[in-house]
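Q: Provided herewith is a single structure, encoded as structure tokens, for subsequent inquiry.
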Amino acid sequence: MTSVEPDMVIRVRDLVAGFGDQIVLDHLSLEVRRGEILGLVGASGGGKSVLLRTIIGLIPKRQGHIDVMGVDRDTASPDEARAMERRWGILFQQGALFSSLTVLENIQFPMRENLHLSEALLYELANAKLEMVGLSPSDGMKIPAELSGGMTKRVALARALALDPEILFLDEPTSGLDPISAGDFDRLIKTLQQTLNFTVFMVTHDLYSLRVQCDRIAAIANGMIVAIGPLTEVIKSDHPWVKSYFQGERARVITRATN
Amino acid sequence: MAADPTLNCTVTGEWLELTPVGVWTTAQSDALEERVTAVTPLVSTARKLAINMSGVRELDTLGAWLLERLSRGCTDRKVEVQFREVPERYRGLFDQIGRVNRRAAERPARKNRLLAVFELIGQSTIALKDEFIPFLEMLAALSFSIAHALVRPRNFRFISAVHHIYRVGWDAIPIMFLITFLIGCIIAQQGFFHFRKFGADAYVVDMVGILVLRELGVLIVSIMVAGRSGSAYTAELGSMKMREEIDALRMMGLDPVEVLILPRALALVIALPILTFLGSMAALFGGGLVASFYGGMSPEIYIARLREAVSVTHFEVGMIKAPFMALVIGLVACSEGLRVKGSAESLGLQTTNSVVKSIFLVIVLDGVFAIFFASISM
């Protein structure tokens, strides 16, 4: 274990990624600090999800370096890469719960595969996670098809937190939720982040989440990060896309509330 | 490793003091559970428990829960528990953990095994009706939409039907040819091998002809179609059901039976007799090939014997059955497809059900036809 923890948990340098002839990320660089909540914004199809999926290794990169918690996939051994993957949790946009397992089994799944714990402890821990995300123990017996959208997100969050990750990746956590549920979910992530001290990397469209939750915001346009910093700074950016994003009709309602 | 967690116990007067040291996180889970299990007997007899947190370098939900569980064991016995020197950064975590696992979860009660067996038999008997009612409902819905299409032919999805005929008919021809050809070869070979002992070589042709035209042609083709196209229908309709496409159709004022199921069922009813015909010919050809190479019977004699042995009735009996087999396969496949629920597992289950049930029904139907044709002496 490293004695000196680096301040940056994710470092991305000169990243190029794309599909076929199309370049989606064009020499993109980004750093995420330990313990912060970073929100990533960008146009639909602008490469936000591609960036997230490239960092976690689901999409192969063309060029550049990605260093997560001091481990670079290019130079790390398969064992090191596996160990790194256990130290992060991912909340997919649609939840991606295993439909043939119950809620409790879904949460137990990463623990069962990676740890050697007794059945009783597995049950207690999974139940603890379930209650921490605001569900009741009786929900544990349900199967994913019986859950509402908000509950699915909560269960997926509990599963992402199963191994107490150091980084939590969220892909549009509040999309598809009504404003009240979305607000609850935002607060839940914030509370858990404060108690469990993880870093959050969040792709989002929800301006309200950005304002309330994020320590820093990164805006992606034309495959590059065009603005990064706290909301107040990013709003002042001259980049045309960022300007229209934060000064559009929908955004003004939120930013006015900030001032 | 320096980070290896330890749990030190010291006894001072009435107090049992536990001092967890090191990294108490998921990364050390194996060691942690061991340490905590080791002190559990000691803790369960303690009169006062203190947990000193000053030595903990890292803590997460797993570590916090293990300690909380120890302390809860004591509070349940009305024993005083103190957490000492809890660093500020872990207070929130302990607050959270202190609230969980409080409500006893209802675990399903164990039943008497013998009773459970009877209950299972009873329930599956009742559930049998759920297996056949959807089939009958589908038959009714399909009849209704056929009637509808006859009244208003413009509503019939002609292009869709042609597309499905292409998929289940034309595309299936090579594999049907191959399989029925091989079956014809095998029957002829076995016939020659065994009939030769009685000097009854000539009757092999009768056997191959009648068996293939009356029974095997249509049975083999139906079973193949159930496995090949019936399963595809179930999976297609099932995943459309899962993605709410069928609900969307219905909400647009369209009848899913008319749009999706009628063209599919009709395609089977048209394609299966054609495949049966082609398959029977391939089987007879295979039989002839074996007759000339293995049985030493020239093709001219084979054809002449076939003409004598087989009447057009045998051919009719086989062909009449084909559209009914197709209808059964189509109905089962579509009704199973619509029974798919949200999960991937249920899609797999219904697809399996569809194939098993349609093959079963094809064979039962074949038996019914055998009795029917025997009683009208066809």
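Residue numbering restarts at 1 for every chain of the structure tokens, chains are lettered A, B, ... in their displayed order, and ligands are numbered from 1 as they appear.
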Please identify every residue of chain A that has at least one atom no more than 7 Å from any atom of chain B, counting only C-alpha atoms, and report them as a ChimeraX atom specification.

A: /A:99-100,115-117,124-125,127-128,131,137-138,145,163-164,195-196

Q: If you run DSSP on the backbone, which residues of stretch 33-237 of chain B are alpha helix (DSSP H), as a ChimeraX atom specification?

A: /B:33-45,61-76,88-99,113-151,158-168,173-195,203-210,217-225,231-237

Q: If you count only C-alpha atoms, which residues fall within 12 Å of A:Phe19, apart from same-chain ones fewer than 6 positions away, as a PDB file with N, CA and C atoms, in the first residue's frame?

A:
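Output file selection_18.pdb is given in full below:
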```pdb
ATOM      1  N   LEU A  25     -13.292  11.856 -28.233  1.00  0.00           N
ATOM      2  CA  LEU A  25     -12.458  12.594 -27.281  1.00  0.00           C
ATOM      3  C   LEU A  25     -11.154  12.930 -27.992  1.00  0.00           C
ATOM      4  N   GLY A  47     -19.715  13.133 -25.665  1.00  0.00           N
ATOM      5  CA  GLY A  47     -18.593  12.345 -25.168  1.00  0.00           C
ATOM      6  C   GLY A  47     -18.494  12.222 -23.661  1.00  0.00           C
ATOM      7  N   VAL A  50     -18.765   8.578 -22.933  1.00  0.00           N
ATOM      8  CA  VAL A  50     -17.580   7.932 -23.513  1.00  0.00           C
ATOM      9  C   VAL A  50     -16.381   8.143 -22.606  1.00  0.00           C
ATOM     10  N   THR A  54     -14.434   5.231 -20.853  1.00  0.00           N
ATOM     11  CA  THR A  54     -13.025   5.032 -21.179  1.00  0.00           C
ATOM     12  C   THR A  54     -12.201   4.970 -19.896  1.00  0.00           C
ATOM     13  N   ILE A  59     -14.396   1.169 -22.782  1.00  0.00           N
ATOM     14  CA  ILE A  59     -14.104   1.533 -24.173  1.00  0.00           C
ATOM     15  C   ILE A  59     -12.585   1.664 -24.276  1.00  0.00           C
ATOM     16  N   PRO A  60     -11.965   0.983 -25.244  1.00  0.00           N
ATOM     17  CA  PRO A  60     -10.509   1.093 -25.362  1.00  0.00           C
ATOM     18  C   PRO A  60     -10.107   2.488 -25.850  1.00  0.00           C
ATOM     19  N   LYS A  61      -9.013   3.000 -25.309  1.00  0.00           N
ATOM     20  CA  LYS A  61      -8.570   4.331 -25.756  1.00  0.00           C
ATOM     21  C   LYS A  61      -7.609   4.184 -26.929  1.00  0.00           C
ATOM     22  N   ARG A  62      -7.461   5.270 -27.690  1.00  0.00           N
ATOM     23  CA  ARG A  62      -6.544   5.241 -28.829  1.00  0.00           C
ATOM     24  C   ARG A  62      -5.167   5.733 -28.417  1.00  0.00           C
TER      25      ARG A  62
END
```

Q: Could you state the separation of atom CA of B:Ile261 and atom CA of B:Cys334 in Å, given to one decimal place?

A: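 These atoms are spaced 6.6 Å apart.
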
Q: Nearest residue to B:Ser354 out of B:Ala50, B:Val328, B:Ile301, B:Ala172, using only C-alpha atoms?

A: B:Val328
